[in-house]
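Some notes on the structure that comes next.
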Amino acid sequence: MKNIFATLLILGLGGAVAAWVGWQWYQGFLAEPVALESEQELFTVPEGATIRTVAHAMADRRWLSSRFLFTLLAYQTKQQNAIKAGEYAIKQGMLPKDVLGLLTSGKSVQFAVTMIPGMTFRDAVEALAKRGDVFQIELADLGDDEIMQRVGIEEAHPEGLLFPDTYLFDRGTSDTEILKRAYRRL
């Protein structure tokens with residue numbers, strides 16, 4: 001009987017110590033900022049990514065000290081299924097909870113396109129064609145009539161039909177979608 005009691009006492013104390021050490025490890029992780037090589041890094045969450053794939057990718061870049069604890073944080077805060085696809089700006093000094101909050105907010109990096117007053121339709125198409133590093137270019141080699149058809153412009157001439165403003169778009173947006181948005185604003 002004494003052996004059973006002593007064994008249970010040792011197991012109980014061992015479990016308590018293990019729980020305390022684990023809790024301290026988790027708290028240390030939560031207080032540890034991400035380790036970036038520069039002030040800001042872009043991170044892309046692909047469509048359909050899970051918290052585990054995101055945690056693995058960040059740990060592989062050595063931004064997080066533990067992919068397991070990042071995943072645990074997501075489950076603890078019930079955000080494991082809230083990750084949104086997009087390109088995010090991770091900044092030096094962000095804590096794991098801040099990174100998780102950003103990835104679940106959907107506030108991805110957006111790129112500006114400015115349609116200035118007096119800009120011709122062809123100027124707008126050519127300006128977008130120069131942004132092939134950011135946007136998907138579909139219209140650069142097409143004539144005005146075909147571009148107007150794809151954008152949904154039914155008027156005889158496209159001039160004056162793009163609302164002058166600065167628009168924000170995600171990386172990979174097509175030039176067709178950009179012109180459609182500027183046309184619809186009018």
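A note on labels: chains of the structure tokens are A, B, ... as shown, every chain counts residues from 1, and ligands are counted from 1 in their shown order.
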**OP:** Could you pull out the residues in chain A that DSSP calls helix (DSSP H, G or I) from the backbone, as a PyMOL selection string?
**Re:** chain A and resi 2-30+51-60+67-76+96-105+121-129+144-151+175-184
Write out as JSON lines the residues of region 46-124 of chain A that have any atom within 7 Å of an atom of region 168-183 of chain A, one row each with the nearest atom pair and its distance in Å to one decimal, counting only C-alpha atoms, sorted by chain and then rising number.
```
{"residue": "A:Val109", "atom": "CA", "partner": "A:Asp170", "partner_atom": "CA", "distance": 6.6}
{"residue": "A:Gln110", "atom": "CA", "partner": "A:Asp170", "partner_atom": "CA", "distance": 4.8}
{"residue": "A:Phe111", "atom": "CA", "partner": "A:Phe169", "partner_atom": "CA", "distance": 5.2}
{"residue": "A:Ala112", "atom": "CA", "partner": "A:Leu168", "partner_atom": "CA", "distance": 4.6}
{"residue": "A:Val113", "atom": "CA", "partner": "A:Leu168", "partner_atom": "CA", "distance": 6.3}
```
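The shell of residues at most 12 Å from Tyr75 (chain A), with only C-alpha atoms counted and near chain neighbours (fewer than 6 positions) removed, consists of Thr50, Ile51, Arg52, Phe68, Leu69, Asn81, Ala82, Ile83, Lys97 and Leu100 of chain A.
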**OP:** Please identify all polymer residues within 10 Å of region 144-148 of chain A, counting only C-alpha atoms, omitting same-chain residues fewer than 3 positions from it, and present them as a VMD selection string.
**Re:** chain A and resid 121 to 122 125 138 to 141 151 to 158 176 179 to 180
Output of the above residues as a PDB file, in the first residue's frame, restricted to C-alpha atoms:
```pdb
ATOM      1  CA  PHE A 121      -7.896  54.711 -71.822  1.00  0.00           C
ATOM      2  CA  ARG A 122      -4.760  53.544 -73.652  1.00  0.00           C
ATOM      3  CA  VAL A 125      -3.849  49.989 -70.134  1.00  0.00           C
ATOM      4  CA  GLU A 138      -4.218  40.126 -69.956  1.00  0.00           C
ATOM      5  CA  LEU A 139      -4.998  43.206 -72.050  1.00  0.00           C
ATOM      6  CA  ALA A 140      -1.632  44.658 -73.135  1.00  0.00           C
ATOM      7  CA  ASP A 141      -1.623  43.174 -76.645  1.00  0.00           C
ATOM      8  CA  VAL A 151     -14.279  45.290 -69.393  1.00  0.00           C
ATOM      9  CA  GLY A 152     -17.983  45.563 -70.247  1.00  0.00           C
ATOM     10  CA  ILE A 153     -17.901  49.056 -71.762  1.00  0.00           C
ATOM     11  CA  GLU A 154     -20.796  49.450 -74.195  1.00  0.00           C
ATOM     12  CA  GLU A 155     -20.176  53.066 -75.206  1.00  0.00           C
ATOM     13  CA  ALA A 156     -18.627  53.883 -78.587  1.00  0.00           C
ATOM     14  CA  HIS A 157     -15.454  55.428 -77.137  1.00  0.00           C
ATOM     15  CA  PRO A 158     -13.726  54.557 -73.834  1.00  0.00           C
ATOM     16  CA  THR A 176      -9.250  43.427 -66.592  1.00  0.00           C
ATOM     17  CA  LEU A 179     -10.317  48.483 -65.316  1.00  0.00           C
ATOM     18  CA  LYS A 180     -13.759  47.014 -64.536  1.00  0.00           C
TER      19      LYS A 180
END
```
**OP:** Write down as a PyMOL selection string the residues belonging to region 48-92 of chain A that are assigned strand (DSSP E) by DSSP computed on the backbone.
**Re:** chain A and resi 86-91
Output of the above residues as a compact mmCIF listing (two decimals), in the first residue's frame, restricted to C-alpha atoms:
```txt
# COMPACT_ATOMS: atom_id res chain seq x y z
CA GLY A 86 -3.31 36.54 -48.98
CA GLU A 87 0.05 38.25 -48.83
CA TYR A 88 0.86 39.72 -45.42
CA ALA A 89 3.50 42.14 -44.16
CA ILE A 90 5.10 40.60 -41.06
CA LYS A 91 7.00 43.27 -39.13
```
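Residues in contact with Leu95 (chain A) at up to 8 Å, not including ones fewer than 4 positions away on its chain and judged by only C-alpha atoms, are Leu30, Ala31, Glu32, Pro33, Val34 and Val99 of chain A.
Across A:Val45, A:Ala127, A:Val134, A:Val21, the tightest approach to Thr104 (chain A) is made by A:Val45 when counting only C-alpha atoms.
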